[in-house]
file work_25.cif (mmCIF, C-alpha atoms)
data_target
#
loop_
_atom_site.label_atom_id
_atom_site.label_comp_id
_atom_site.auth_asym_id
_atom_site.auth_seq_id
_atom_site.Cartn_x
_atom_site.Cartn_y
_atom_site.Cartn_z
CA MET J 644 0.00 0.00 0.00
CA ALA J 645 1.39 3.45 -0.93
CA GLN J 646 2.31 5.63 2.03
CA ARG J 647 0.73 9.04 2.49
CA PRO J 648 3.29 11.79 1.64
CA LEU J 649 4.70 13.51 4.73
CA ASN J 650 3.42 16.89 3.59
CA SER J 651 -0.10 15.76 2.74
CA PRO J 652 -3.03 17.12 4.75
CA PRO J 653 -4.34 15.08 7.69
CA GLN J 654 -6.92 12.44 6.79
CA PRO J 655 -10.45 12.89 8.14
CA THR J 656 -11.12 11.18 11.45
CA LEU J 657 -13.72 8.44 11.32
CA ALA J 658 -16.78 8.91 13.50
CA PRO J 659 -16.61 6.80 16.66
CA THR J 660 -18.32 3.43 16.42
CA ILE J 661 -21.74 3.38 18.06
CA ALA J 662 -21.72 0.93 20.95
CA PRO J 663 -24.01 -2.06 20.49
CA THR J 664 -26.95 -2.65 22.81
CA VAL J 665 -27.25 -5.82 24.87
CA ALA J 666 -30.52 -6.68 26.63
CA LEU J 667 -29.91 -8.36 29.98
CA ALA J 668 -32.42 -10.46 31.92
CA MET J 669 -32.11 -11.10 35.65
CA GLY J 670 -32.25 -14.83 36.37
CA ASP J 671 -33.48 -16.86 39.32
CA PRO J 672 -33.74 -14.63 42.42
CA ALA J 673 -33.17 -17.47 44.89
CA GLY J 674 -29.67 -18.21 43.58
CA ILE J 675 -26.62 -16.12 42.79
CA SER J 676 -28.20 -14.31 39.82
CA PRO J 677 -28.99 -11.02 41.65
CA GLU J 678 -25.44 -10.85 43.01
CA LEU J 679 -23.93 -11.63 39.59
CA MET J 680 -26.02 -8.98 37.83
CA ALA J 681 -24.98 -6.37 40.39
CA ARG J 682 -21.31 -7.31 40.09
CA ALA J 683 -21.54 -7.19 36.29
CA LEU J 684 -23.12 -3.74 36.23
CA HIS J 685 -20.33 -2.52 38.50
CA LEU J 686 -17.60 -3.49 36.00
CA ASP J 687 -16.18 -0.61 33.96
CA ASP J 688 -15.20 -2.82 31.01
CA LEU J 689 -18.71 -4.21 30.57
CA ARG J 690 -20.33 -0.77 30.78
CA ALA J 691 -17.87 0.50 28.17
CA ALA J 692 -18.35 -2.44 25.80
CA ALA J 693 -22.08 -1.97 25.20
CA ARG J 694 -25.20 -0.05 26.09
CA LEU J 695 -26.74 -2.28 28.73
CA VAL J 696 -30.52 -2.48 29.17
CA VAL J 697 -31.48 -4.68 32.13
CA PHE J 698 -34.91 -6.17 32.83
CA GLY J 699 -35.88 -7.12 36.36
CA ASP J 700 -37.02 -5.62 39.66
CA ARG J 701 -34.92 -2.86 41.24
CA ARG J 702 -35.55 -4.29 44.73
CA VAL J 703 -34.03 -7.62 43.67
CA LEU J 704 -31.07 -5.83 42.10
CA ALA J 705 -30.62 -3.73 45.24
CA ALA J 706 -30.57 -6.91 47.33
CA GLY J 707 -27.97 -8.38 44.97
CA ALA J 708 -25.84 -5.23 45.19
CA ALA J 709 -25.96 -5.39 48.99
CA ILE J 710 -24.82 -9.01 48.93
CA ALA J 711 -22.05 -8.16 46.46
CA GLY J 712 -21.03 -5.07 48.40
CA VAL J 713 -21.15 -2.77 45.37
CA SER J 714 -22.77 0.60 44.69
CA LEU J 715 -24.43 0.93 41.30
CA LYS J 716 -24.90 3.93 39.03
CA ILE J 717 -27.86 3.10 36.83
CA ALA J 718 -30.80 4.88 35.23
CA VAL J 719 -34.05 3.33 36.47
CA VAL J 720 -37.10 3.48 34.19
CA THR J 721 -40.32 1.54 33.86
CA ASP J 722 -40.17 1.59 30.05
CA PRO J 723 -36.95 1.55 27.97
CA ALA J 724 -38.34 4.42 25.89
CA GLU J 725 -38.17 6.62 29.00
CA ALA J 726 -34.36 6.55 29.04
CA ALA J 727 -32.86 9.96 28.37
CA ALA J 728 -31.13 10.45 25.04
CA GLY J 729 -27.39 10.04 25.44
CA GLU J 730 -27.70 8.19 28.74
CA THR J 731 -24.35 6.53 29.40
CA ARG J 732 -25.30 4.59 32.53
CA PRO J 733 -26.83 1.11 32.29
CA ILE J 734 -30.58 1.39 31.92
CA PHE J 735 -32.56 -0.69 34.40
CA VAL J 736 -36.14 -1.42 33.36
CA ASP J 737 -38.00 -1.94 36.63
CA LEU J 738 -40.87 -4.34 36.03
CA GLY J 739 -41.82 -4.11 39.72
CA HIS J 740 -42.93 -7.72 39.86
CA LEU J 741 -41.10 -9.31 42.81
CA ASP J 742 -40.44 -8.36 46.41
CA PRO J 743 -37.19 -10.16 47.35
CA ALA J 744 -38.48 -10.56 50.91
CA THR J 745 -40.91 -13.17 49.56
CA ILE J 746 -38.08 -15.37 48.23
CA ARG J 747 -36.06 -17.76 50.38
CA PRO J 748 -32.45 -18.06 49.16
CA GLY J 749 -31.62 -21.52 47.87
CA GLU J 750 -35.22 -22.67 47.39
CA VAL J 751 -37.08 -23.41 44.16
CA SER J 752 -40.32 -21.44 43.86
CA ARG J 753 -42.96 -20.64 41.30
CA ALA J 754 -42.54 -16.92 42.06
CA GLY J 755 -38.82 -17.13 41.32
CA GLY J 756 -39.49 -18.93 38.05
CA ALA J 757 -42.15 -16.41 37.05
CA PHE J 758 -39.71 -13.58 37.76
CA ALA J 759 -37.06 -15.08 35.47
CA VAL J 760 -39.56 -15.93 32.72
CA ALA J 761 -40.95 -12.37 32.70
CA ASN J 762 -37.48 -10.84 32.54
CA PHE J 763 -36.38 -13.16 29.73
CA ARG J 764 -39.54 -12.44 27.73
CA ALA J 765 -39.10 -8.68 28.15
CA ALA J 766 -35.45 -8.81 27.04
CA LEU J 767 -36.33 -10.96 24.03
CA LYS J 768 -39.20 -8.67 23.05
CA TYR J 769 -36.88 -5.67 23.26
CA ALA J 770 -34.29 -7.34 21.05
CA MET J 771 -36.84 -8.68 18.56
CA ALA J 772 -38.15 -5.13 18.13
CA GLY J 773 -34.69 -4.19 16.89
CA HIS J 774 -33.54 -2.30 19.99
CA ALA J 775 -30.77 -4.73 21.00
CA GLN J 776 -28.33 -6.83 19.01
CA ALA J 777 -27.85 -9.55 21.63
CA VAL J 778 -29.49 -10.92 24.78
CA ALA J 779 -27.77 -12.26 27.88
CA PHE J 780 -29.02 -13.49 31.24
CA THR J 781 -27.80 -14.60 34.63
CA PRO J 782 -28.58 -18.24 35.51
CA PHE J 783 -32.08 -19.66 35.49
CA ASN J 784 -33.33 -22.61 37.53
CA LYS J 785 -35.17 -25.02 35.26
CA ALA J 786 -37.33 -26.49 38.04
CA ALA J 787 -38.55 -23.02 39.02
CA MET J 788 -39.12 -22.10 35.38
CA ARG J 789 -41.29 -25.18 34.90
CA LEU J 790 -43.41 -24.28 37.92
CA ALA J 791 -44.16 -20.94 36.28
CA HIS J 792 -44.22 -22.15 32.68
CA PRO J 793 -45.10 -25.88 32.54
CA SER J 794 -44.00 -26.35 28.92
CA TYR J 795 -40.50 -25.14 29.77
CA GLU J 796 -38.04 -27.95 28.95
CA ASP J 797 -34.95 -25.83 28.42
CA GLU J 798 -33.95 -22.51 26.88
CA ILE J 799 -34.01 -23.91 23.32
CA THR J 800 -37.66 -25.02 23.52
CA PHE J 801 -38.68 -21.81 25.29
CA LEU J 802 -36.95 -19.63 22.70
CA THR J 803 -38.48 -21.59 19.84
CA GLU J 804 -41.91 -20.96 21.35
CA GLU J 805 -41.26 -17.29 22.01
CA VAL J 806 -39.32 -16.04 18.99
CA GLY J 807 -39.04 -18.97 16.58
CA ALA J 808 -35.84 -20.38 15.12
CA GLU J 809 -34.28 -19.54 11.77
CA GLY J 810 -33.40 -23.21 11.28
CA PRO J 811 -31.73 -25.77 13.52
CA ALA J 812 -31.00 -24.25 16.93
CA SER J 813 -28.41 -25.40 19.41
CA GLU J 814 -26.45 -24.65 22.53
CA PHE J 815 -22.72 -23.99 22.48
CA ASN J 816 -20.29 -24.00 25.37
CA ILE J 817 -17.35 -21.62 25.02
CA LEU J 818 -14.21 -21.40 27.10
CA GLU J 819 -11.52 -18.88 26.22
CA GLY J 820 -11.78 -19.38 22.48
CA LEU J 821 -12.56 -23.11 22.48
CA TRP J 822 -16.12 -24.01 21.49
CA ASN J 823 -18.17 -27.13 22.11
CA ALA J 824 -21.12 -27.77 19.82
CA ARG J 825 -23.45 -30.76 20.03
CA VAL J 826 -25.79 -32.77 17.83
CA THR J 827 -28.26 -33.66 20.61
CA SER J 828 -28.77 -31.86 23.88
CA HIS J 829 -31.33 -32.37 26.64
CA VAL J 830 -32.58 -35.84 25.70
CA PRO J 831 -32.35 -39.18 27.55
CA LEU J 832 -29.12 -41.01 26.81
CA LYS J 833 -31.07 -44.07 25.64
CA ASP J 834 -32.49 -41.98 22.77
CA VAL J 835 -29.23 -40.47 21.53
CA ALA J 836 -28.14 -43.12 19.01
CA GLY J 837 -31.44 -42.93 17.16
CA LEU J 838 -31.11 -39.16 16.82
CA ILE J 839 -27.62 -39.28 15.29
CA THR J 840 -28.42 -39.01 11.59
CA ARG J 841 -26.40 -37.76 8.65
CA GLU J 842 -28.64 -34.73 8.37
CA ALA J 843 -28.43 -33.94 12.09
CA VAL J 844 -24.62 -34.08 12.13
CA ARG J 845 -24.35 -32.03 8.94
CA ASP J 846 -26.79 -29.39 10.22
CA ALA J 847 -24.96 -29.17 13.56
CA LEU J 848 -21.69 -28.57 11.72
CA ALA J 849 -23.28 -25.87 9.55
CA LEU J 850 -24.76 -24.12 12.60
CA ALA J 851 -21.45 -24.26 14.48
CA ASP J 852 -19.54 -22.91 11.50
CA GLY J 853 -22.01 -20.05 11.04
CA ALA J 854 -22.15 -19.11 14.73
CA MET J 855 -18.38 -19.10 15.02
CA ARG J 856 -17.95 -16.98 11.92
CA GLN J 857 -20.45 -14.54 13.44
CA ALA J 858 -18.25 -14.46 16.54
CA GLY J 859 -15.18 -13.57 14.50
CA PHE J 860 -13.60 -16.83 13.31
CA ALA J 861 -12.57 -16.61 9.65
CA ARG J 862 -12.78 -20.38 9.07
CA PRO J 863 -13.28 -22.32 12.29
CA ARG J 864 -11.60 -25.72 12.54
CA ILE J 865 -14.14 -28.19 13.91
CA ALA J 866 -13.25 -31.64 15.25
CA VAL J 867 -16.09 -34.16 15.34
CA ALA J 868 -16.26 -36.67 18.18
CA GLY J 869 -17.43 -40.20 17.61
CA LEU J 870 -20.49 -41.61 19.31
CA ASN J 871 -19.02 -44.92 20.41
CA PRO J 872 -15.92 -45.80 22.47
CA HIS J 873 -12.74 -45.30 20.42
CA ALA J 874 -14.92 -43.79 17.67
CA GLY J 875 -16.30 -47.25 16.97
CA ASP J 876 -12.88 -48.93 16.61
CA GLY J 877 -13.38 -49.57 12.90
CA GLY J 878 -16.87 -50.96 13.43
CA ASN J 879 -16.10 -53.23 16.37
CA PHE J 880 -18.07 -51.06 18.83
CA GLY J 881 -20.72 -49.65 16.50
CA ARG J 882 -21.06 -48.48 12.92
CA GLU J 883 -22.44 -44.94 13.40
CA GLU J 884 -18.99 -43.44 12.75
CA ILE J 885 -18.70 -45.29 9.43
CA GLU J 886 -22.26 -45.06 8.15
CA VAL J 887 -23.46 -41.73 9.56
CA ILE J 888 -20.84 -39.43 11.04
CA ALA J 889 -18.03 -39.73 8.48
CA PRO J 890 -20.37 -39.19 5.48
CA ALA J 891 -21.85 -36.11 7.19
CA ILE J 892 -18.35 -34.71 7.71
CA ALA J 893 -17.58 -35.28 4.02
CA GLU J 894 -20.74 -33.38 3.05
CA ALA J 895 -19.78 -30.52 5.34
CA LYS J 896 -16.29 -30.36 3.84
CA ALA J 897 -17.80 -30.18 0.37
CA ARG J 898 -19.69 -27.08 1.56
CA GLY J 899 -16.49 -25.38 2.69
CA ILE J 900 -16.65 -26.23 6.39
CA ALA J 901 -13.29 -27.13 7.97
CA ALA J 902 -14.52 -30.26 9.73
CA ASP J 903 -12.48 -33.35 10.55
CA GLY J 904 -13.01 -36.69 12.27
CA PRO J 905 -14.67 -38.62 13.75
CA PHE J 906 -12.20 -38.80 16.63
CA PRO J 907 -12.42 -40.76 19.91
CA SER J 908 -14.24 -38.52 22.37
CA ASP J 909 -11.87 -39.32 25.24
CA THR J 910 -8.89 -37.66 23.51
CA VAL J 911 -10.33 -35.11 21.08
CA PHE J 912 -10.55 -32.36 23.71
CA LEU J 913 -6.88 -32.80 24.54
CA ARG J 914 -6.05 -32.02 20.90
CA ALA J 915 -8.44 -29.10 20.80
CA LYS J 916 -7.11 -27.64 24.04
CA ALA J 917 -3.59 -27.89 22.58
CA GLY J 918 -4.71 -25.71 19.65
CA ALA J 919 -5.36 -28.24 16.89
CA PHE J 920 -9.04 -27.23 16.63
CA ASP J 921 -11.25 -24.27 17.44
CA ALA J 922 -14.29 -26.38 18.30
CA VAL J 923 -15.40 -29.92 19.05
CA LEU J 924 -18.78 -31.19 17.86
CA THR J 925 -19.99 -33.85 20.30
CA MET J 926 -22.88 -36.23 19.83
CA TYR J 927 -24.63 -35.67 23.17
CA HIS J 928 -24.79 -33.26 26.09
CA ASP J 929 -22.42 -34.65 28.72
CA GLN J 930 -19.87 -35.86 26.18
CA GLY J 931 -18.74 -32.26 25.81
CA GLN J 932 -20.05 -30.60 28.96
CA ILE J 933 -17.90 -32.69 31.29
CA ALA J 934 -14.72 -31.81 29.40
CA MET J 935 -15.52 -28.11 29.14
CA LYS J 936 -16.52 -27.71 32.79
CA LEU J 937 -13.43 -29.52 33.98
CA MET J 938 -11.29 -27.09 31.99
CA GLY J 939 -12.95 -23.97 33.40
CA PHE J 940 -16.21 -24.18 35.29
CA ASP J 941 -16.01 -20.58 36.53
CA ARG J 942 -15.18 -19.12 33.10
CA GLY J 943 -17.38 -21.02 30.67
CA VAL J 944 -20.08 -19.41 28.56
CA THR J 945 -23.20 -20.91 26.99
CA MET J 946 -24.42 -19.45 23.70
CA LEU J 947 -27.81 -20.25 22.15
CA ALA J 948 -27.62 -19.93 18.37
CA GLY J 949 -30.01 -20.36 15.48
CA PHE J 950 -32.34 -17.61 16.72
CA PRO J 951 -32.81 -14.08 15.33
CA VAL J 952 -30.32 -12.71 17.90
CA PRO J 953 -27.45 -14.40 19.78
CA ILE J 954 -28.28 -15.28 23.38
CA LEU J 955 -25.62 -15.89 26.03
CA THR J 956 -25.35 -16.88 29.68
CA PRO J 957 -22.77 -18.25 32.12
CA ALA J 958 -22.32 -22.00 31.69
CA HIS J 959 -22.85 -22.68 35.41
CA GLY J 960 -26.15 -22.82 37.25
CA THR J 961 -27.87 -20.89 40.02
CA ALA J 962 -25.59 -22.21 42.80
CA TYR J 963 -28.27 -22.35 45.48
CA ASP J 964 -25.68 -23.63 47.96
CA ILE J 965 -23.87 -20.26 48.02
CA ALA J 966 -26.85 -17.95 47.44
CA ALA J 967 -26.76 -14.69 49.42
CA LYS J 968 -23.23 -15.39 50.76
CA GLY J 969 -21.46 -12.77 48.63
CA ILE J 970 -18.89 -15.22 47.25
CA ALA J 971 -20.21 -15.83 43.72
CA ASN J 972 -17.49 -15.82 41.05
CA ILE J 973 -18.15 -13.22 38.33
CA GLY J 974 -15.81 -14.89 35.81
CA ALA J 975 -18.34 -16.73 33.65
CA THR J 976 -20.89 -13.91 33.76
CA ARG J 977 -18.23 -11.40 32.75
CA ALA J 978 -17.16 -13.66 29.88
CA ALA J 979 -20.76 -14.18 28.72
CA PHE J 980 -21.69 -10.49 28.78
CA SER J 981 -18.40 -9.53 27.09
CA LEU J 982 -18.93 -12.05 24.30
CA ALA J 983 -22.51 -10.82 23.86
CA ALA J 984 -21.18 -7.29 23.39
CA ASN J 985 -18.50 -8.45 20.96
CA ILE J 986 -20.94 -10.42 18.80
CA ALA J 987 -23.47 -7.58 18.94
CA ALA J 988 -20.83 -5.19 17.68
#
call {"tool": "encode", "arguments": {"input": "work_25.cif", "output": "structure tokens"}}
result
Amino acid sequence: MAQRPLNSPPQPTLAPTIAPTVALAMGDPAGISPELMARALHLDDLRAAARLVVFGDRRVLAAGAAIAGVSLKIAVVTDPAEAAAGETRPIFVDLGHLDPATIRPGEVSRAGGAFAVANFRAALKYAMAGHAQAVAFTPFNKAAMRLAHPSYEDEITFLTEEVGAEGPASEFNILEGLWNARVTSHVPLKDVAGLITREAVRDALALADGAMRQAGFARPRIAVAGLNPHAGDGGNFGREEIEVIAPAIAEAKARGIAADGPFPSDTVFLRAKAGAFDAVLTMYHDQGQIAMKLMGFDRGVTMLAGFPVPILTPAHGTAYDIAAKGIANIGATRAAFSLAANIAA
């Protein structure tokens, strides 16, 4: 590229990039979610990375801030449209729907589930209206969510009901640049083998490739784990690798996806952690979750992809055993909210 002559006039300065907006939903009030949200809103780097619009109850947030020992500077409104133009503080949309005195820390309740469902719906509605480019939330408790919303199986089914999916939808676990995708998720283990089809593996690879490109990977390298021990051992322990998984990988490669395998699932994460791959596609939930959580339980992020906007949350749960003790680790929440801001940008 030719250099600008030393005596040439200064080039015009580009206008500063407009910060993206991330809609945040407060999670289960009986766990560590209120404390985590308060800690997150106190972090300078998160406030600088995006315009944060939080949905919840200010009394629950205040209780979380007291537990965390932080003082928050936020703009409280009852409708996001009420926020002043140019407001630089996080905007807290007070739905006024839960008195924290009615919730016992560490206990599942319908009221706690209803609180989380309402916040999640409000954040999704805000994003679907075009006001936010990503959604993130502090941990939910599935048992509480089901008490409030009986059809609630997991976030994927709830999101499909609420906003619809653009195609196949899935959950990804992310730890410091390493991704774990999966073909099946919250299904009984006895049903997994029947759900491993050529189409399912191929679609999971396509979704992983697309989500990772959206997150900034130019051409993500995806290792595919086998279903059976030792990836079937040449057919001795099952033929899914030969008849289903390998052909699906070949189809994905023909479409320009950098997929490889199938590899034995007990060693593939060692190779990925060493840098040989950017992601591992596993066949079922715990096949990847165990490895990822062992590598960094307090730093892992879960991303829900295949929906109109990316949706992120810490990979850990509500931690009822340490609720209201002021010792919750912000690491995974910080990573989830930061990644939401990066993808939104």
call {"tool": "resolve_selection", "arguments": {"input": "work_25.cif", "expression": "the PyMOL selection byres ((chain J and resi 838) around 12)", "output": "PDB file with C-alpha atoms, in the frame of the given file"}}
result
ATOM      1  CA  ARG J 825     -23.450 -30.760  20.030  1.00  0.00           C
ATOM      2  CA  VAL J 826     -25.790 -32.770  17.830  1.00  0.00           C
ATOM      3  CA  THR J 827     -28.260 -33.660  20.610  1.00  0.00           C
ATOM      4  CA  SER J 828     -28.770 -31.860  23.880  1.00  0.00           C
ATOM      5  CA  HIS J 829     -31.330 -32.370  26.640  1.00  0.00           C
ATOM      6  CA  VAL J 830     -32.580 -35.840  25.700  1.00  0.00           C
ATOM      7  CA  PRO J 831     -32.350 -39.180  27.550  1.00  0.00           C
ATOM      8  CA  LEU J 832     -29.120 -41.010  26.810  1.00  0.00           C
ATOM      9  CA  LYS J 833     -31.070 -44.070  25.640  1.00  0.00           C
ATOM     10  CA  ASP J 834     -32.490 -41.980  22.770  1.00  0.00           C
ATOM     11  CA  VAL J 835     -29.230 -40.470  21.530  1.00  0.00           C
ATOM     12  CA  ALA J 836     -28.140 -43.120  19.010  1.00  0.00           C
ATOM     13  CA  GLY J 837     -31.440 -42.930  17.160  1.00  0.00           C
ATOM     14  CA  ILE J 839     -27.620 -39.280  15.290  1.00  0.00           C
ATOM     15  CA  THR J 840     -28.420 -39.010  11.590  1.00  0.00           C
ATOM     16  CA  ARG J 841     -26.400 -37.760   8.650  1.00  0.00           C
ATOM     17  CA  GLU J 842     -28.640 -34.730   8.370  1.00  0.00           C
ATOM     18  CA  ALA J 843     -28.430 -33.940  12.090  1.00  0.00           C
ATOM     19  CA  VAL J 844     -24.620 -34.080  12.130  1.00  0.00           C
ATOM     20  CA  LEU J 870     -20.490 -41.610  19.310  1.00  0.00           C
ATOM     21  CA  GLU J 883     -22.440 -44.940  13.400  1.00  0.00           C
ATOM     22  CA  VAL J 887     -23.460 -41.730   9.560  1.00  0.00           C
ATOM     23  CA  ILE J 888     -20.840 -39.430  11.040  1.00  0.00           C
ATOM     24  CA  MET J 926     -22.880 -36.230  19.830  1.00  0.00           C
ATOM     25  CA  TYR J 927     -24.630 -35.670  23.170  1.00  0.00           C
TER      26      TYR J 927
END
call {"tool": "atom_distance", "arguments": {"input": "work_25.cif", "atom1": "CA of Ala673 in chain J", "atom2": "CA of Ile965 in chain J"}}
result
10.2 Å
call {"tool": "resolve_selection", "arguments": {"input": "work_25.cif", "expression": "the PyMOL selection byres ((chain J and resi 752-757) around 6)", "output": "PyMOL selection string"}}
result
chain J and resi 671-672+751+758-760+787-788+790-791
call {"tool": "resolve_selection", "arguments": {"input": "work_25.cif", "expression": "the PyMOL selection byres ((chain J and resi 707-716) around 8)", "output": "NGL selection string"}}
result
:J and (676-682 or 684-685 or 703-706 or 717-718 or 732-733 or 967-970)
call {"tool": "residues_around", "arguments": {"input": "work_25.cif", "residues": "range 971-981 of chain J", "least_positions_apart": "4", "cutoff": "10 Å", "atoms": "only C-alpha atoms", "output": "PDB file with C-alpha atoms, in the coordinates of the input"}}
result
ATOM      1  CA  VAL J 665     -27.250  -5.820  24.870  1.00  0.00           C
ATOM      2  CA  ALA J 666     -30.520  -6.680  26.630  1.00  0.00           C
ATOM      3  CA  LEU J 667     -29.910  -8.360  29.980  1.00  0.00           C
ATOM      4  CA  GLY J 674     -29.670 -18.210  43.580  1.00  0.00           C
ATOM      5  CA  ILE J 675     -26.620 -16.120  42.790  1.00  0.00           C
ATOM      6  CA  SER J 676     -28.200 -14.310  39.820  1.00  0.00           C
ATOM      7  CA  GLU J 678     -25.440 -10.850  43.010  1.00  0.00           C
ATOM      8  CA  LEU J 679     -23.930 -11.630  39.590  1.00  0.00           C
ATOM      9  CA  MET J 680     -26.020  -8.980  37.830  1.00  0.00           C
ATOM     10  CA  ALA J 681     -24.980  -6.370  40.390  1.00  0.00           C
ATOM     11  CA  ARG J 682     -21.310  -7.310  40.090  1.00  0.00           C
ATOM     12  CA  ALA J 683     -21.540  -7.190  36.290  1.00  0.00           C
ATOM     13  CA  LEU J 684     -23.120  -3.740  36.230  1.00  0.00           C
ATOM     14  CA  LEU J 686     -17.600  -3.490  36.000  1.00  0.00           C
ATOM     15  CA  ASP J 688     -15.200  -2.820  31.010  1.00  0.00           C
ATOM     16  CA  LEU J 689     -18.710  -4.210  30.570  1.00  0.00           C
ATOM     17  CA  ARG J 690     -20.330  -0.770  30.780  1.00  0.00           C
ATOM     18  CA  ALA J 692     -18.350  -2.440  25.800  1.00  0.00           C
ATOM     19  CA  ALA J 693     -22.080  -1.970  25.200  1.00  0.00           C
ATOM     20  CA  LEU J 695     -26.740  -2.280  28.730  1.00  0.00           C
ATOM     21  CA  ILE J 710     -24.820  -9.010  48.930  1.00  0.00           C
ATOM     22  CA  ALA J 711     -22.050  -8.160  46.460  1.00  0.00           C
ATOM     23  CA  ALA J 777     -27.850  -9.550  21.630  1.00  0.00           C
ATOM     24  CA  VAL J 778     -29.490 -10.920  24.780  1.00  0.00           C
ATOM     25  CA  ALA J 779     -27.770 -12.260  27.880  1.00  0.00           C
ATOM     26  CA  PHE J 780     -29.020 -13.490  31.240  1.00  0.00           C
ATOM     27  CA  THR J 781     -27.800 -14.600  34.630  1.00  0.00           C
ATOM     28  CA  PRO J 782     -28.580 -18.240  35.510  1.00  0.00           C
ATOM     29  CA  ILE J 817     -17.350 -21.620  25.020  1.00  0.00           C
ATOM     30  CA  LEU J 818     -14.210 -21.400  27.100  1.00  0.00           C
ATOM     31  CA  GLU J 819     -11.520 -18.880  26.220  1.00  0.00           C
ATOM     32  CA  GLY J 939     -12.950 -23.970  33.400  1.00  0.00           C
ATOM     33  CA  PHE J 940     -16.210 -24.180  35.290  1.00  0.00           C
ATOM     34  CA  ASP J 941     -16.010 -20.580  36.530  1.00  0.00           C
ATOM     35  CA  ARG J 942     -15.180 -19.120  33.100  1.00  0.00           C
ATOM     36  CA  GLY J 943     -17.380 -21.020  30.670  1.00  0.00           C
ATOM     37  CA  VAL J 944     -20.080 -19.410  28.560  1.00  0.00           C
ATOM     38  CA  THR J 945     -23.200 -20.910  26.990  1.00  0.00           C
ATOM     39  CA  MET J 946     -24.420 -19.450  23.700  1.00  0.00           C
ATOM     40  CA  ILE J 954     -28.280 -15.280  23.380  1.00  0.00           C
ATOM     41  CA  LEU J 955     -25.620 -15.890  26.030  1.00  0.00           C
ATOM     42  CA  THR J 956     -25.350 -16.880  29.680  1.00  0.00           C
ATOM     43  CA  PRO J 957     -22.770 -18.250  32.120  1.00  0.00           C
ATOM     44  CA  ALA J 958     -22.320 -22.000  31.690  1.00  0.00           C
ATOM     45  CA  HIS J 959     -22.850 -22.680  35.410  1.00  0.00           C
ATOM     46  CA  THR J 961     -27.870 -20.890  40.020  1.00  0.00           C
ATOM     47  CA  ALA J 962     -25.590 -22.210  42.800  1.00  0.00           C
ATOM     48  CA  ILE J 965     -23.870 -20.260  48.020  1.00  0.00           C
ATOM     49  CA  ALA J 966     -26.850 -17.950  47.440  1.00  0.00           C
ATOM     50  CA  ALA J 967     -26.760 -14.690  49.420  1.00  0.00           C
ATOM     51  CA  ASN J 985     -18.500  -8.450  20.960  1.00  0.00           C
ATOM     52  CA  ILE J 986     -20.940 -10.420  18.800  1.00  0.00           C
ATOM     53  CA  ALA J 987     -23.470  -7.580  18.940  1.00  0.00           C
TER      54      ALA J 987
END
call {"tool": "atom_distance", "arguments": {"input": "work_25.cif", "atom1": "CA of Glu884 in chain J", "atom2": "CA of Gly931 in chain J"}}
result
17.2 Å
call {"tool": "residues_around", "arguments": {"input": "work_25.cif", "residues": "Phe920 in chain J", "least_positions_apart": "2", "cutoff": "6 Å", "atoms": "only C-alpha atoms", "output": "count of residues only"}}
result
5
call {"tool": "residues_around", "arguments": {"input": "work_25.cif", "residues": "Gly810 in chain J", "least_positions_apart": "3", "cutoff": "12 Å", "atoms": "all atoms listed in the file", "output": "PDB file with C-alpha atoms, in the coordinates of the input"}}
result
ATOM      1  CA  THR J 803     -38.480 -21.590  19.840  1.00  0.00           C
ATOM      2  CA  GLY J 807     -39.040 -18.970  16.580  1.00  0.00           C
ATOM      3  CA  SER J 813     -28.410 -25.400  19.410  1.00  0.00           C
ATOM      4  CA  ALA J 843     -28.430 -33.940  12.090  1.00  0.00           C
ATOM      5  CA  ASP J 846     -26.790 -29.390  10.220  1.00  0.00           C
ATOM      6  CA  ALA J 847     -24.960 -29.170  13.560  1.00  0.00           C
ATOM      7  CA  ALA J 849     -23.280 -25.870   9.550  1.00  0.00           C
ATOM      8  CA  LEU J 850     -24.760 -24.120  12.600  1.00  0.00           C
ATOM      9  CA  GLY J 853     -22.010 -20.050  11.040  1.00  0.00           C
ATOM     10  CA  ALA J 948     -27.620 -19.930  18.370  1.00  0.00           C
ATOM     11  CA  GLY J 949     -30.010 -20.360  15.480  1.00  0.00           C
ATOM     12  CA  PHE J 950     -32.340 -17.610  16.720  1.00  0.00           C
ATOM     13  CA  PRO J 951     -32.810 -14.080  15.330  1.00  0.00           C
TER      14      PRO J 951
END
call {"tool": "closest_atom_pairs", "arguments": {"input": "work_25.cif", "of": "range 921-961 of chain J", "to": "range 890-913 of chain J", "cutoff": "12 Å", "atoms": "all atoms listed in the file", "output": "CSV"}}
result
residue,atom,partner,partner_atom,distance
J:Asp921,CA,J:Ala901,CA,10.1
J:Ala922,CA,J:Phe912,CA,8.9
J:Val923,CA,J:Phe912,CA,7.2
J:Leu924,CA,J:Ala902,CA,9.2
J:Thr925,CA,J:Ser908,CA,7.7
J:Met926,CA,J:Ser908,CA,9.3
J:Tyr927,CA,J:Ser908,CA,10.8
J:Asp929,CA,J:Ser908,CA,11.1
J:Gln930,CA,J:Ser908,CA,7.3
J:Gly931,CA,J:Ser908,CA,8.4
J:Gln932,CA,J:Phe912,CA,11.0
J:Ile933,CA,J:Phe912,CA,10.6
J:Ala934,CA,J:Phe912,CA,7.1
J:Met935,CA,J:Phe912,CA,8.5
J:Lys936,CA,J:Phe912,CA,11.8
J:Leu937,CA,J:Phe912,CA,11.0
J:Met938,CA,J:Phe912,CA,9.8
call {"tool": "atom_distance", "arguments": {"input": "work_25.cif", "atom1": "CA of Asp687 in chain J", "atom2": "CA of Thr731 in chain J"}}
result
11.8 Å
call {"tool": "closest_residue", "arguments": {"input": "work_25.cif", "among": "J:His792, J:Arg764, J:Arg701, J:Arg845", "to": "Val806 in chain J", "atoms": "all atoms listed in the file"}}
result
J:Arg764
